[in-house]
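Shown here: query_1.txt, compact mmCIF, C-alpha atoms and all ligand atoms.
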# COMPACT_ATOMS: atom_id res chain seq x y z
CA LEU A 1 -10.35 52.54 -7.59
CA GLY A 2 -8.87 51.35 -4.35
CA ASN A 3 -8.38 48.10 -2.56
CA GLN A 4 -11.88 48.01 -1.23
CA SER A 5 -13.51 47.55 -4.58
CA GLY A 6 -10.88 44.95 -5.42
CA GLU A 7 -11.74 43.10 -2.24
CA GLN A 8 -15.45 43.41 -2.95
CA GLN A 9 -14.87 42.12 -6.44
CA LYS A 10 -12.96 39.11 -5.08
CA ASN A 11 -15.72 38.31 -2.61
CA ASP A 12 -18.41 38.52 -5.23
CA ARG A 13 -16.47 36.12 -7.34
CA PHE A 14 -15.86 33.65 -4.56
CA ASN A 15 -19.54 33.66 -3.73
CA SER A 16 -20.93 33.49 -7.22
CA SER A 17 -22.38 30.11 -8.02
CA ARG A 18 -20.57 27.77 -10.36
CA SER A 19 -22.89 25.92 -12.64
CA SER A 20 -21.66 23.34 -15.09
CA ILE A 21 -22.17 25.99 -17.77
CA SER A 22 -19.43 28.07 -16.29
CA TRP A 23 -20.20 31.32 -18.02
CA ILE A 24 -23.56 31.78 -16.38
CA HIS A 25 -23.20 33.74 -13.16
CA PRO A 26 -26.41 34.90 -11.55
CA ILE A 27 -25.37 37.90 -9.47
CA ILE A 28 -27.55 38.80 -6.52
CA LEU A 29 -27.29 42.51 -5.78
CA SER A 30 -30.00 42.72 -3.15
CA ASN A 31 -32.82 40.47 -2.03
CA LYS A 32 -34.96 41.48 -4.96
CA GLU A 33 -32.61 42.34 -7.73
CA VAL A 34 -31.06 39.48 -9.67
CA ILE A 35 -29.03 40.13 -12.78
CA ASP A 36 -28.50 37.09 -14.91
CA SER A 37 -25.30 38.24 -16.49
CA THR A 38 -23.90 36.02 -19.17
CA LEU A 39 -21.41 36.05 -21.96
CA GLU A 40 -22.93 36.20 -25.43
CA TYR A 41 -21.96 35.39 -28.97
CA ASP A 42 -20.76 38.54 -30.67
CA TYR A 43 -21.35 40.67 -27.59
CA TYR A 44 -19.88 43.70 -29.39
CA ARG A 45 -22.13 43.35 -32.44
CA ASP A 46 -23.68 46.79 -31.87
CA SER A 47 -21.09 48.54 -29.72
CA CYS A 48 -18.01 47.60 -31.74
CA PRO A 49 -18.79 45.41 -34.75
CA GLN A 50 -15.16 45.62 -35.98
CA ALA A 51 -13.64 44.23 -32.76
CA GLU A 52 -13.34 40.56 -33.63
CA TYR A 53 -12.16 41.38 -37.14
CA ILE A 54 -9.42 43.67 -35.81
CA VAL A 55 -8.16 40.91 -33.52
CA ARG A 56 -8.17 38.32 -36.30
CA SER A 57 -6.46 40.46 -38.89
CA SER A 58 -3.78 41.67 -36.44
CA ILE A 59 -2.94 38.12 -35.41
CA ARG A 60 -2.84 36.97 -39.05
CA PHE A 61 -0.48 39.78 -39.91
CA LEU A 62 1.81 39.07 -36.95
CA TYR A 63 1.78 35.32 -37.41
CA LYS A 64 3.28 35.61 -40.88
CA GLU A 65 6.40 37.24 -39.45
CA GLN A 66 6.44 35.62 -36.04
CA PRO A 67 4.64 32.30 -35.77
CA ASN A 68 5.72 32.03 -32.12
CA VAL A 69 3.04 34.59 -31.34
CA ALA A 70 0.56 31.68 -31.34
CA PRO A 71 2.14 29.65 -28.51
CA ALA A 72 2.93 32.83 -26.57
CA LEU A 73 -0.73 33.90 -26.53
CA LEU A 74 -2.03 30.43 -25.79
CA ARG A 75 0.18 30.26 -22.71
CA LEU A 76 -0.78 33.80 -21.69
CA LEU A 77 -4.45 32.84 -21.89
CA PHE A 78 -3.84 29.81 -19.65
CA HIS A 79 -1.98 31.87 -17.08
CA ASP A 80 -4.76 34.47 -17.07
CA CYS A 81 -7.77 32.16 -16.91
CA PHE A 82 -6.24 29.75 -14.38
CA ILE A 83 -5.67 32.56 -11.87
CA GLN A 84 -9.00 34.03 -10.75
CA GLY A 85 -10.60 33.53 -14.14
CA CYS A 86 -10.29 35.14 -17.58
CA ASP A 87 -10.17 38.75 -16.40
CA ALA A 88 -6.86 40.01 -17.85
CA SER A 89 -5.43 40.10 -14.31
CA VAL A 90 -2.15 38.78 -15.73
CA LEU A 91 -1.79 41.82 -18.00
CA LEU A 92 -1.64 44.48 -15.26
CA ASP A 93 1.68 46.06 -14.30
CA SER A 94 2.67 46.37 -10.66
CA THR A 95 1.57 49.70 -9.20
CA ILE A 96 3.27 52.11 -6.81
CA ASP A 97 0.42 51.74 -4.32
CA GLY A 98 1.42 48.14 -3.84
CA ASN A 99 -0.60 45.90 -6.14
CA GLN A 100 2.13 43.50 -7.23
CA SER A 101 1.53 42.11 -10.67
CA GLU A 102 1.17 38.45 -11.56
CA LYS A 103 3.63 39.23 -14.35
CA ASP A 104 6.39 39.74 -11.83
CA THR A 105 6.00 36.39 -10.07
CA VAL A 106 8.44 33.52 -10.68
CA PRO A 107 6.13 31.22 -12.69
CA ASN A 108 5.21 34.08 -15.03
CA GLN A 109 8.63 35.48 -15.76
CA THR A 110 8.94 33.91 -19.19
CA LEU A 111 5.43 34.85 -20.37
CA LYS A 112 5.41 36.67 -23.68
CA GLY A 113 2.90 38.42 -25.91
CA PHE A 114 1.87 41.29 -23.64
CA HIS A 115 2.72 43.88 -26.28
CA VAL A 116 0.61 41.99 -28.84
CA ILE A 117 -2.53 42.38 -26.73
CA GLU A 118 -1.61 45.98 -25.92
CA ASN A 119 -1.25 46.85 -29.62
CA ILE A 120 -4.54 45.25 -30.58
CA LYS A 121 -6.21 47.05 -27.69
CA ALA A 122 -4.84 50.39 -28.97
CA GLU A 123 -6.19 49.66 -32.44
CA ILE A 124 -9.61 48.85 -31.04
CA GLU A 125 -9.61 51.87 -28.71
CA ALA A 126 -9.09 54.07 -31.75
CA VAL A 127 -12.42 52.97 -33.22
CA CYS A 128 -14.46 52.00 -30.13
CA PRO A 129 -13.20 53.82 -27.03
CA ALA A 130 -13.68 52.14 -23.65
CA THR A 131 -15.82 49.36 -25.07
CA VAL A 132 -13.91 46.11 -25.57
CA SER A 133 -12.23 44.39 -22.62
CA CYS A 134 -8.64 43.21 -22.57
CA ALA A 135 -9.93 39.87 -21.26
CA ASP A 136 -12.00 39.38 -24.43
CA ILE A 137 -9.14 40.47 -26.67
CA LEU A 138 -6.86 37.89 -25.05
CA VAL A 139 -9.22 34.92 -25.49
CA LEU A 140 -10.01 35.91 -29.10
CA ALA A 141 -6.35 36.50 -30.01
CA ALA A 142 -5.26 33.18 -28.48
CA ARG A 143 -7.98 31.32 -30.40
CA ASP A 144 -7.09 33.00 -33.69
CA GLY A 145 -3.39 32.24 -33.17
CA LEU A 146 -4.14 28.63 -32.35
CA VAL A 147 -6.09 28.19 -35.59
CA LEU A 148 -3.17 29.59 -37.60
CA ALA A 149 -0.84 27.17 -35.81
CA GLY A 150 -3.00 24.28 -37.04
CA GLY A 151 -5.18 23.87 -33.96
CA PRO A 152 -8.96 23.52 -33.99
CA TYR A 153 -11.35 26.46 -34.25
CA TYR A 154 -13.86 26.93 -31.46
CA PRO A 155 -16.58 29.55 -31.09
CA LEU A 156 -16.15 32.09 -28.29
CA THR A 157 -18.69 34.11 -26.41
CA THR A 158 -17.69 37.60 -25.28
CA GLY A 159 -18.63 40.21 -22.68
CA ARG A 160 -15.85 39.53 -20.17
CA ARG A 161 -14.73 42.48 -18.06
CA ASP A 162 -11.29 43.33 -16.76
CA SER A 163 -10.21 42.90 -13.16
CA LEU A 164 -9.32 45.82 -10.94
CA VAL A 165 -6.34 44.05 -9.42
CA SER A 166 -3.65 41.53 -10.23
CA PHE A 167 -3.31 38.50 -7.97
CA ALA A 168 0.44 37.97 -7.59
CA ASN A 169 0.30 35.76 -4.50
CA ILE A 170 -2.34 33.51 -5.97
CA ALA A 171 -0.37 33.22 -9.22
CA ALA A 172 2.78 32.35 -7.28
CA SER A 173 1.04 29.44 -5.59
CA GLU A 174 -1.50 28.28 -8.20
CA VAL A 175 0.31 28.34 -11.55
CA PRO A 176 1.22 24.66 -12.01
CA SER A 177 4.91 23.80 -11.78
CA PRO A 178 6.69 21.74 -14.45
CA GLN A 179 8.24 19.67 -11.62
CA ASP A 180 4.84 18.54 -10.31
CA ASP A 181 3.93 14.88 -10.06
CA LEU A 182 0.71 13.63 -11.63
CA SER A 183 -1.33 13.77 -8.43
CA LYS A 184 -0.43 17.41 -7.88
CA THR A 185 -1.25 18.34 -11.48
CA LEU A 186 -4.60 16.54 -11.28
CA THR A 187 -5.49 18.17 -7.95
CA SER A 188 -4.60 21.57 -9.31
CA PHE A 189 -6.75 21.18 -12.45
CA ALA A 190 -9.58 19.57 -10.48
CA SER A 191 -9.67 22.65 -8.26
CA LYS A 192 -10.53 24.66 -11.38
CA GLY A 193 -13.18 22.18 -12.49
CA PHE A 194 -11.24 20.05 -14.99
CA ASP A 195 -11.46 16.25 -14.84
CA GLU A 196 -8.71 13.86 -15.94
CA ARG A 197 -9.74 13.73 -19.57
CA GLU A 198 -9.93 17.53 -19.75
CA THR A 199 -6.57 17.92 -18.05
CA VAL A 200 -4.88 15.55 -20.49
CA SER A 201 -6.44 17.35 -23.43
CA LEU A 202 -5.51 20.81 -22.10
CA LEU A 203 -1.88 19.82 -21.87
CA GLY A 204 -2.09 19.15 -25.60
CA ALA A 205 -1.44 22.90 -25.84
CA HIS A 206 2.19 21.85 -25.47
CA SER A 207 1.93 20.65 -29.07
CA VAL A 208 3.22 24.10 -29.92
CA GLY A 209 5.96 26.22 -28.44
CA VAL A 210 9.21 25.87 -26.65
CA ALA A 211 10.32 25.04 -23.12
CA HIS A 212 13.57 26.64 -22.04
CA CYS A 213 16.21 24.46 -20.39
CA GLN A 214 15.67 26.00 -16.96
CA PHE A 215 12.33 24.18 -16.74
CA PHE A 216 13.70 20.68 -17.22
CA ARG A 217 17.46 20.86 -16.58
CA SER A 218 17.15 19.11 -13.22
CA ARG A 219 15.66 16.08 -15.01
CA LEU A 220 18.85 15.75 -17.04
CA TYR A 221 21.48 16.12 -14.35
CA ASN A 222 20.05 16.07 -10.85
CA PHE A 223 16.56 14.63 -10.61
CA SER A 224 14.96 15.21 -7.20
CA GLY A 225 18.39 15.90 -5.71
CA THR A 226 19.74 12.43 -6.62
CA GLY A 227 22.64 13.70 -8.75
CA LEU A 228 21.28 11.36 -11.47
CA PRO A 229 18.93 11.88 -14.42
CA ASP A 230 15.20 11.19 -14.26
CA PRO A 231 14.95 7.38 -14.55
CA SER A 232 11.81 7.67 -16.70
CA LEU A 233 13.85 9.33 -19.50
CA GLU A 234 14.53 7.17 -22.49
CA PRO A 235 18.40 7.00 -22.77
CA GLU A 236 18.86 8.24 -26.33
CA PHE A 237 16.48 11.05 -25.68
CA LEU A 238 18.33 11.94 -22.50
CA HIS A 239 21.47 12.20 -24.61
CA LEU A 240 19.74 14.50 -27.09
CA MET A 241 18.33 16.71 -24.35
CA ARG A 242 21.72 17.00 -22.65
CA SER A 243 23.27 18.05 -25.94
CA ARG A 244 20.76 20.90 -26.11
CA CYS A 245 20.95 21.90 -22.45
CA GLN A 246 24.27 22.16 -20.63
CA SER A 247 24.34 21.37 -16.94
CA SER A 248 24.61 25.02 -16.04
CA ASP A 249 23.06 28.01 -17.71
CA ASP A 250 25.62 30.45 -19.05
CA SER A 251 23.22 32.43 -21.24
CA LYS A 252 22.61 36.02 -20.28
CA SER A 253 18.84 36.15 -20.48
CA HIS A 254 15.70 34.06 -20.90
CA THR A 255 15.51 34.93 -24.56
CA GLU A 256 19.01 33.62 -25.21
CA GLU A 257 18.55 30.47 -23.22
CA PRO A 258 18.21 27.40 -25.41
CA GLY A 259 15.13 25.24 -25.26
CA MET A 260 13.27 22.40 -26.96
CA SER A 261 9.92 22.20 -28.66
CA MET A 262 7.50 20.20 -26.59
CA GLY A 263 5.22 18.68 -29.20
CA TYR A 264 7.76 17.45 -31.67
CA ASP A 265 8.97 13.85 -31.78
CA GLY A 266 11.60 14.53 -34.42
CA ALA A 267 10.00 12.31 -37.04
CA THR A 268 7.18 14.18 -38.66
CA GLY A 269 7.76 17.82 -37.86
CA PRO A 270 5.69 20.08 -35.69
CA VAL A 271 2.03 19.24 -36.18
CA PHE A 272 -0.65 20.31 -33.75
CA GLY A 273 -1.97 17.42 -31.68
CA THR A 274 -1.02 13.77 -31.91
CA ASN A 275 2.74 14.38 -32.00
CA TYR A 276 2.73 15.70 -28.46
CA TYR A 277 0.94 12.62 -27.13
CA ASN A 278 3.24 10.37 -29.11
CA THR A 279 6.26 11.93 -27.44
CA LEU A 280 4.74 10.95 -24.08
CA VAL A 281 4.01 7.38 -25.19
CA LEU A 282 7.66 7.12 -26.30
CA GLY A 283 8.98 8.50 -22.97
CA LYS A 284 10.06 11.70 -24.68
CA GLY A 285 8.05 14.29 -22.80
CA ILE A 286 10.14 17.40 -22.20
CA LEU A 287 8.65 18.56 -18.91
CA HIS A 288 8.32 16.22 -15.96
CA ALA A 289 4.67 17.25 -15.57
CA ASP A 290 4.01 16.27 -19.21
CA GLN A 291 5.69 12.87 -18.93
CA GLN A 292 3.83 12.24 -15.69
CA LEU A 293 0.59 11.91 -17.68
CA MET A 294 1.84 8.38 -18.46
CA ALA A 295 2.20 7.58 -14.74
CA GLY A 296 -1.50 7.02 -14.03
CA GLU A 297 -3.75 4.46 -15.67
CA GLY A 298 -6.57 6.90 -16.38
CA THR A 299 -4.44 9.68 -17.80
CA ALA A 300 -2.21 7.27 -19.76
CA SER A 301 -5.23 5.84 -21.53
CA TRP A 302 -6.27 9.33 -22.62
CA VAL A 303 -2.74 10.03 -23.82
CA GLU A 304 -2.88 6.86 -25.90
CA ALA A 305 -6.32 7.69 -27.23
CA TYR A 306 -5.21 11.17 -28.35
CA ALA A 307 -1.94 9.84 -29.80
CA SER A 308 -3.88 7.57 -32.12
CA ASP A 309 -7.03 9.59 -32.84
CA GLU A 310 -6.38 13.10 -34.04
CA SER A 311 -10.02 14.02 -34.53
CA LEU A 312 -10.91 12.91 -31.01
CA PHE A 313 -8.15 15.17 -29.69
CA ARG A 314 -9.23 18.13 -31.80
CA ARG A 315 -12.82 17.81 -30.61
CA ASP A 316 -11.85 17.49 -26.96
CA PHE A 317 -9.30 20.28 -27.20
CA ALA A 318 -11.81 22.67 -28.76
CA GLN A 319 -14.29 21.88 -25.96
CA VAL A 320 -11.81 22.30 -23.17
CA MET A 321 -10.44 25.55 -24.62
CA MET A 322 -13.99 26.95 -24.60
CA LYS A 323 -14.27 25.95 -20.97
CA LEU A 324 -10.87 27.43 -20.09
CA SER A 325 -11.73 30.67 -21.91
CA SER A 326 -14.89 31.14 -19.84
CA LEU A 327 -13.52 30.22 -16.45
CA ARG A 328 -14.94 32.44 -13.67
CA VAL A 329 -15.33 35.47 -15.87
CA LEU A 330 -16.30 38.92 -14.63
CA THR A 331 -19.40 40.31 -16.28
CA LYS A 332 -21.31 43.53 -15.82
CA PRO A 333 -21.64 45.14 -13.28
CA LEU A 334 -18.35 43.71 -11.98
CA GLY A 335 -14.93 44.71 -13.23
CA GLN A 336 -14.29 47.39 -15.80
CA ILE A 337 -13.16 48.04 -19.35
CA ARG A 338 -9.53 49.11 -19.17
CA LEU A 339 -8.26 51.70 -21.62
CA ASN A 340 -4.80 50.27 -21.60
CA CYS A 341 -4.34 46.59 -20.77
CA SER A 342 -1.46 47.06 -18.35
CA ARG A 343 -3.27 49.66 -16.16
CA VAL A 344 -6.54 49.92 -14.31
CA ALA A 345 -8.72 52.62 -15.92
C1 LIG B 1 0.60 21.06 -15.60
C2 LIG B 1 0.31 22.12 -16.32
C3 LIG B 1 1.32 22.95 -17.05
C4 LIG B 1 2.63 23.17 -16.74
C5 LIG B 1 3.43 22.64 -15.57
C6 LIG B 1 3.16 24.02 -17.79
C7 LIG B 1 4.45 24.49 -17.82
C8 LIG B 1 5.02 25.12 -18.91
C9 LIG B 1 6.41 25.50 -19.01
C10 LIG B 1 7.45 25.33 -17.93
C11 LIG B 1 6.59 26.03 -20.23
C12 LIG B 1 7.90 26.57 -20.82
C13 LIG B 1 7.98 28.06 -20.66
C14 LIG B 1 9.27 28.66 -21.15
O1 LIG B 1 10.23 27.96 -21.44
O2 LIG B 1 9.33 29.90 -21.26
C15 LIG B 1 5.32 26.01 -20.91
C16 LIG B 1 5.10 26.48 -22.17
C17 LIG B 1 3.86 26.55 -22.77
N1 LIG B 1 2.66 26.23 -22.16
FE1 LIG B 1 2.42 25.23 -20.45
N2 LIG B 1 2.17 24.29 -18.69
C18 LIG B 1 1.03 23.65 -18.28
C19 LIG B 1 -0.20 23.69 -18.89
C20 LIG B 1 -0.49 24.44 -20.01
C21 LIG B 1 -1.81 24.68 -20.53
C22 LIG B 1 -3.10 24.14 -19.92
C23 LIG B 1 -1.66 25.47 -21.62
C24 LIG B 1 -2.71 26.06 -22.53
C25 LIG B 1 -3.95 25.64 -22.62
C26 LIG B 1 -0.24 25.69 -21.80
C27 LIG B 1 0.32 26.35 -22.85
C28 LIG B 1 1.68 26.47 -23.07
C29 LIG B 1 2.25 26.92 -24.32
C30 LIG B 1 1.50 27.23 -25.60
C31 LIG B 1 3.64 26.98 -24.13
C32 LIG B 1 4.71 27.43 -25.13
C33 LIG B 1 4.95 28.90 -24.95
C34 LIG B 1 5.88 29.52 -25.98
O3 LIG B 1 6.56 28.81 -26.72
O4 LIG B 1 5.92 30.76 -26.03
N3 LIG B 1 0.44 25.08 -20.79
N4 LIG B 1 4.38 25.45 -20.08
CA CA B 2 -6.90 36.05 -14.32
Kindly transcribe the structure held in the file into C-alpha cells.
Ligand code: HEM
Ligand SMILES: [Ca+2]
Amino acid sequence: LGNQSGEQQKNDRFNSSRSSISWIHPIILSNKEVIDSTLEYDYYRDSCPQAEYIVRSSIRFLYKEQPNVAPALLRLLFHDCFIQGCDASVLLDSTIDGNQSEKDTVPNQTLKGFHVIENIKAEIEAVCPATVSCADILVLAARDGLVLAGGPYYPLTTGRRDSLVSFANIAASEVPSPQDDLSKTLTSFASKGFDERETVSLLGAHSVGVAHCQFFRSRLYNFSGTGLPDPSLEPEFLHLMRSRCQSSDDSKSHTEEPGMSMGYDGATGPVFGTNYYNTLVLGKGILHADQQLMAGEGTASWVEAYASDESLFRRDFAQVMMKLSSLRVLTKPLGQIRLNCSRVA
C-alpha cells in the first residue's frame, strides 16, 4: 500500500464531519452511497469474542510484576489519539521507503509499552487472525491498566482500524511540550475539541507515572534563559527537585536518568486523582505545563475543584478518557487491520 492510499486516507479524515459524538463518522463514498460507520460496544463479539478478555488478562498479569505498565500505556494512548486520531499510527516503525515513524520524533523518544501491545496482538492473532486492530488493543489495554492503577473504569466502544502511515511531522509539531504556557496548552487541546474543564481533567493522567529530569531541568537552573529557577516554584520544593536532578545529565540513557513522580505530594503516597491537583495548588507541579494550570482563573478553579472532590474528578476523567479514546477514529472501509502493530499489513 503506497503513499497514494495514505494520502487518500488523510483527506477522507480531514473531510469527515465532526459531530459532538465524535465516534460517528458518516462517510460519503459517492453521491448515493452513504455508510454510517460507527464504533460499537463489543464490536468483536462474533468475530473474536476472546479479544477483550485477552487484553485484560495480559495487562493484569503484567501489572503484578511491572506496575509502570499502566502509566506507559496511558501516555502511549494519548500520543496516539492526539496525533491524527486513535489509529495506532504511533506504533508503526519507520520504513525504508521513507515513512518516518512518530516513534522516532523528539517528543516521542521516551514513550514505552510498544512491546506490550505487540505481545497482546500476537496472542490475539493466534486465535483470531487479521481481525482485531492495534488501535483497539491500545485503547483497551490503557483502560485496563488505568483501572489497576486505581483510576476509574469507563466503557469503550471498538471497531477502530489501523492507519496506513505514521505522521512523524505532525507528531513533532502537535505533541504538547512540557515547557508550554497555559495559553499554548489550551489552544492545542482546543484544536482537538477539548474545552478547559476537559483539558484540566485530562492532565489528571499525570497522577501516575514519572517525568525524567530532562523535561523540567530548565525550571530548576535556567528558566527561560534567565540563569535562575522558575519563580513560581515553591522554595523547599525547588530544593527537593534539585536534589533529585543535577544541573547536567550524566546518565547514559533515558532509562537511567532520574525522575520524579508527577502525582505525588509526598504526604499520602501515590493515589490516583486528587493528589496531582493538590500538588498544583501547593505550587509543586513537576512540569511547567502542569503548574501553568494554576495561572488562569478558569483552569485554576477546575484544579481546585478536582483537588477537593475526588468523585467529581473520577467522573470527569472517565468521560474525557472516552472522548480521547474515540478521537477521529478510522472505521471501515478506511484503514486496515495490521498483523503486526509495528508494520503495515
Ligand atoms: C500539556 C499536555 C501534556 C504534556 C506537556 C505532557 C508531557 C509529559 C512529559 C514530559 C512526561 C514525562 C515523560 C518522561 O519522562 O519520559 C509525561 C508523562 C506522562 N504523561 Fe503526559 N503530558 C501531557 C498530557 C498528558 C495526557 C493528556 C495524558 C493522558 C491522558 C498524559 C499521560 C502521561 C502519563 C501517564 C505519563 C507517565 C508516563 C510513564 O511514567 O511511563 N499526559 N507527560
Ligand atoms: Ca494516531
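Distances here use only C-alpha atoms and all ligand atoms; by that measure, the residue among A:Asp181, A:Glu118, A:Asp309, A:Asp136 closest to ligand LIG 1 (chain B) is A:Asp181.
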Legend entry - Test item: residues lying within 6 Å of ligand LIG 1 (chain B) with all atoms listed in the file, as a PyMOL selection string: chain A and resi 71-72+74-75+78+110+176-178+185+202-203+205-206+208-212+215+289
Neighbouring residues of Val320 in chain A were defined as those with any atom within 7 Å, considering only C-alpha atoms; residues of the same chain fewer than 3 positions away were excluded. Please report them as a PDB file with C-alpha atoms, in the coordinates of the input.
ATOM      1  CA  GLU A 198      -9.930  17.530 -19.750  1.00  0.00           C
ATOM      2  CA  LEU A 202      -5.510  20.810 -22.100  1.00  0.00           C
ATOM      3  CA  ASP A 316     -11.850  17.490 -26.960  1.00  0.00           C
ATOM      4  CA  PHE A 317      -9.300  20.280 -27.200  1.00  0.00           C
ATOM      5  CA  LYS A 323     -14.270  25.950 -20.970  1.00  0.00           C
ATOM      6  CA  LEU A 324     -10.870  27.430 -20.090  1.00  0.00           C
TER       7      LEU A 324
END
Legend entry - Environment of ligand CA 2 (chain B) within 12 Å, counting all atoms listed in the file, reported as an MDAnalysis selection string: chainID A and resid 10 13 76:92 101:103 134:136 138:139 160:168 170:171 174:175 324:330 335
Inset, instruction - Just give me the gap between CA of Phe216 in chain A and CA of Ile286 in chain A in Å, one decimal is fine. - result: 6.9 Å
Inset, instruction - Have a look at A:Ser218, A:Ala307, A:Asn340, A:Ser207 and name the one nearest to Gly263 in chain A; count all atoms listed in the file. - result: A:Ser207
Inset, instruction - Work out how far CA of Gln66 in chain A is from CA of Gln291 in chain A, in Å to one decimal. - result: 28.5 Å
Can you tell me, as a short mmCIF file (atom, residue, chain, number, x, y, z; two decimals) with C-alpha atoms, keeping the file's coordinate frame, what residues are no more than 12 Å from Leu233 in chain A when counting only C-alpha atoms, ignoring any on the same chain fewer than 2 positions away?
data_model
loop_
_atom_site.label_atom_id
_atom_site.label_comp_id
_atom_site.auth_asym_id
_atom_site.auth_seq_id
_atom_site.Cartn_x
_atom_site.Cartn_y
_atom_site.Cartn_z
CA PHE A 216 13.70 20.68 -17.22
CA ARG A 219 15.66 16.08 -15.01
CA LEU A 220 18.85 15.75 -17.04
CA TYR A 221 21.48 16.12 -14.35
CA PHE A 223 16.56 14.63 -10.61
CA LEU A 228 21.28 11.36 -11.47
CA PRO A 229 18.93 11.88 -14.42
CA ASP A 230 15.20 11.19 -14.26
CA PRO A 231 14.95 7.38 -14.55
CA PRO A 235 18.40 7.00 -22.77
CA GLU A 236 18.86 8.24 -26.33
CA PHE A 237 16.48 11.05 -25.68
CA LEU A 238 18.33 11.94 -22.50
CA HIS A 239 21.47 12.20 -24.61
CA LEU A 240 19.74 14.50 -27.09
CA MET A 241 18.33 16.71 -24.35
CA ARG A 242 21.72 17.00 -22.65
CA THR A 279 6.26 11.93 -27.44
CA LEU A 280 4.74 10.95 -24.08
CA VAL A 281 4.01 7.38 -25.19
CA LEU A 282 7.66 7.12 -26.30
CA GLY A 283 8.98 8.50 -22.97
CA LYS A 284 10.06 11.70 -24.68
CA GLY A 285 8.05 14.29 -22.80
CA ILE A 286 10.14 17.40 -22.20
CA LEU A 287 8.65 18.56 -18.91
CA HIS A 288 8.32 16.22 -15.96
CA GLN A 291 5.69 12.87 -18.93
CA GLN A 292 3.83 12.24 -15.69
#
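The interatomic distance for the pair CA of Val106 in chain A and CA of Asp93 in chain A works out to 14.7 Å.
Each of A:Leu73, A:Ala318, A:Val132, A:Ala300 was compared to Tyr43 in chain A using only C-alpha atoms, and A:Val132 turns out to be the nearest.
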Legend entry - Non-local contacts of Thr199 in chain A (9 Å; only C-alpha atoms; under 2 positions in same chain excluded) as number ranges by chain: A: 185-186, 189-190, 194-197, 201-204, 299, 320
Take the selection from the previous step and output its residues with C-alpha atoms, as a compact mmCIF listing (two decimals), in the frame of the given file.
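Just written: out01.txt:
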# COMPACT_ATOMS: atom_id res chain seq x y z
CA THR A 185 -1.25 18.34 -11.48
CA LEU A 186 -4.60 16.54 -11.28
CA PHE A 189 -6.75 21.18 -12.45
CA ALA A 190 -9.58 19.57 -10.48
CA PHE A 194 -11.24 20.05 -14.99
CA ASP A 195 -11.46 16.25 -14.84
CA GLU A 196 -8.71 13.86 -15.94
CA ARG A 197 -9.74 13.73 -19.57
CA SER A 201 -6.44 17.35 -23.43
CA LEU A 202 -5.51 20.81 -22.10
CA LEU A 203 -1.88 19.82 -21.87
CA GLY A 204 -2.09 19.15 -25.60
CA THR A 299 -4.44 9.68 -17.80
CA VAL A 320 -11.81 22.30 -23.17
Inset, instruction - Can you pull out every residue within 9 Å of Gly145 in chain A, counting all atoms listed in the file, but drop anything in the same chain fewer than 6 positions away, and send it as a PyMOL selection string? - result: chain A and resi 56+59-60+63+67+69-71+73-74+151
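Point (-12.6, 49.8, -21.9) has the following residues at most 7 Å away: A:Pro129, A:Ala130, A:Thr131, A:Val132, A:Ser133, A:Gln336, A:Ile337, A:Arg338, A:Leu339 (atoms considered: only C-alpha atoms).
Shortest separation to Ser247 in chain A among A:Gln214, A:Ser232, A:Ser94, A:Asn99 occurs at residue A:Gln214, atoms counted being only C-alpha atoms.
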Can range 108-120 of chain A be brought up to N, CA and C atoms and written out as a PDB file, in the coordinates of the input?
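Saved as selection_28.pdb:
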ATOM      1  N   ASN A 108       5.644  33.304 -13.855  1.00  0.00           N
ATOM      2  CA  ASN A 108       5.210  34.080 -15.030  1.00  0.00           C
ATOM      3  C   ASN A 108       6.336  34.829 -15.721  1.00  0.00           C
ATOM      4  N   GLN A 109       7.561  34.640 -15.232  1.00  0.00           N
ATOM      5  CA  GLN A 109       8.630  35.480 -15.760  1.00  0.00           C
ATOM      6  C   GLN A 109       8.977  35.260 -17.221  1.00  0.00           C
ATOM      7  N   THR A 110       8.634  34.110 -17.763  1.00  0.00           N
ATOM      8  CA  THR A 110       8.940  33.910 -19.190  1.00  0.00           C
ATOM      9  C   THR A 110       7.699  34.063 -20.071  1.00  0.00           C
ATOM     10  N   LEU A 111       6.612  34.611 -19.516  1.00  0.00           N
ATOM     11  CA  LEU A 111       5.430  34.850 -20.370  1.00  0.00           C
ATOM     12  C   LEU A 111       5.771  35.887 -21.425  1.00  0.00           C
ATOM     13  N   LYS A 112       5.173  35.714 -22.590  1.00  0.00           N
ATOM     14  CA  LYS A 112       5.410  36.670 -23.680  1.00  0.00           C
ATOM     15  C   LYS A 112       4.063  37.063 -24.293  1.00  0.00           C
ATOM     16  N   GLY A 113       4.098  38.074 -25.157  1.00  0.00           N
ATOM     17  CA  GLY A 113       2.900  38.420 -25.910  1.00  0.00           C
ATOM     18  C   GLY A 113       2.108  39.586 -25.344  1.00  0.00           C
ATOM     19  N   PHE A 114       2.603  40.171 -24.238  1.00  0.00           N
ATOM     20  CA  PHE A 114       1.870  41.290 -23.640  1.00  0.00           C
ATOM     21  C   PHE A 114       1.688  42.437 -24.629  1.00  0.00           C
ATOM     22  N   HIS A 115       2.777  42.738 -25.352  1.00  0.00           N
ATOM     23  CA  HIS A 115       2.720  43.880 -26.280  1.00  0.00           C
ATOM     24  C   HIS A 115       1.734  43.605 -27.430  1.00  0.00           C
ATOM     25  N   VAL A 116       1.542  42.331 -27.756  1.00  0.00           N
ATOM     26  CA  VAL A 116       0.610  41.990 -28.840  1.00  0.00           C
ATOM     27  C   VAL A 116      -0.812  42.405 -28.436  1.00  0.00           C
ATOM     28  N   ILE A 117      -1.184  42.034 -27.211  1.00  0.00           N
ATOM     29  CA  ILE A 117      -2.530  42.380 -26.730  1.00  0.00           C
ATOM     30  C   ILE A 117      -2.649  43.903 -26.591  1.00  0.00           C
ATOM     31  N   GLU A 118      -1.587  44.528 -26.097  1.00  0.00           N
ATOM     32  CA  GLU A 118      -1.610  45.980 -25.920  1.00  0.00           C
ATOM     33  C   GLU A 118      -1.789  46.696 -27.270  1.00  0.00           C
ATOM     34  N   ASN A 119      -1.116  46.214 -28.296  1.00  0.00           N
ATOM     35  CA  ASN A 119      -1.250  46.850 -29.620  1.00  0.00           C
ATOM     36  C   ASN A 119      -2.636  46.663 -30.217  1.00  0.00           C
ATOM     37  N   ILE A 120      -3.186  45.479 -30.054  1.00  0.00           N
ATOM     38  CA  ILE A 120      -4.540  45.250 -30.580  1.00  0.00           C
ATOM     39  C   ILE A 120      -5.533  46.131 -29.821  1.00  0.00           C
TER      40      ILE A 120
END
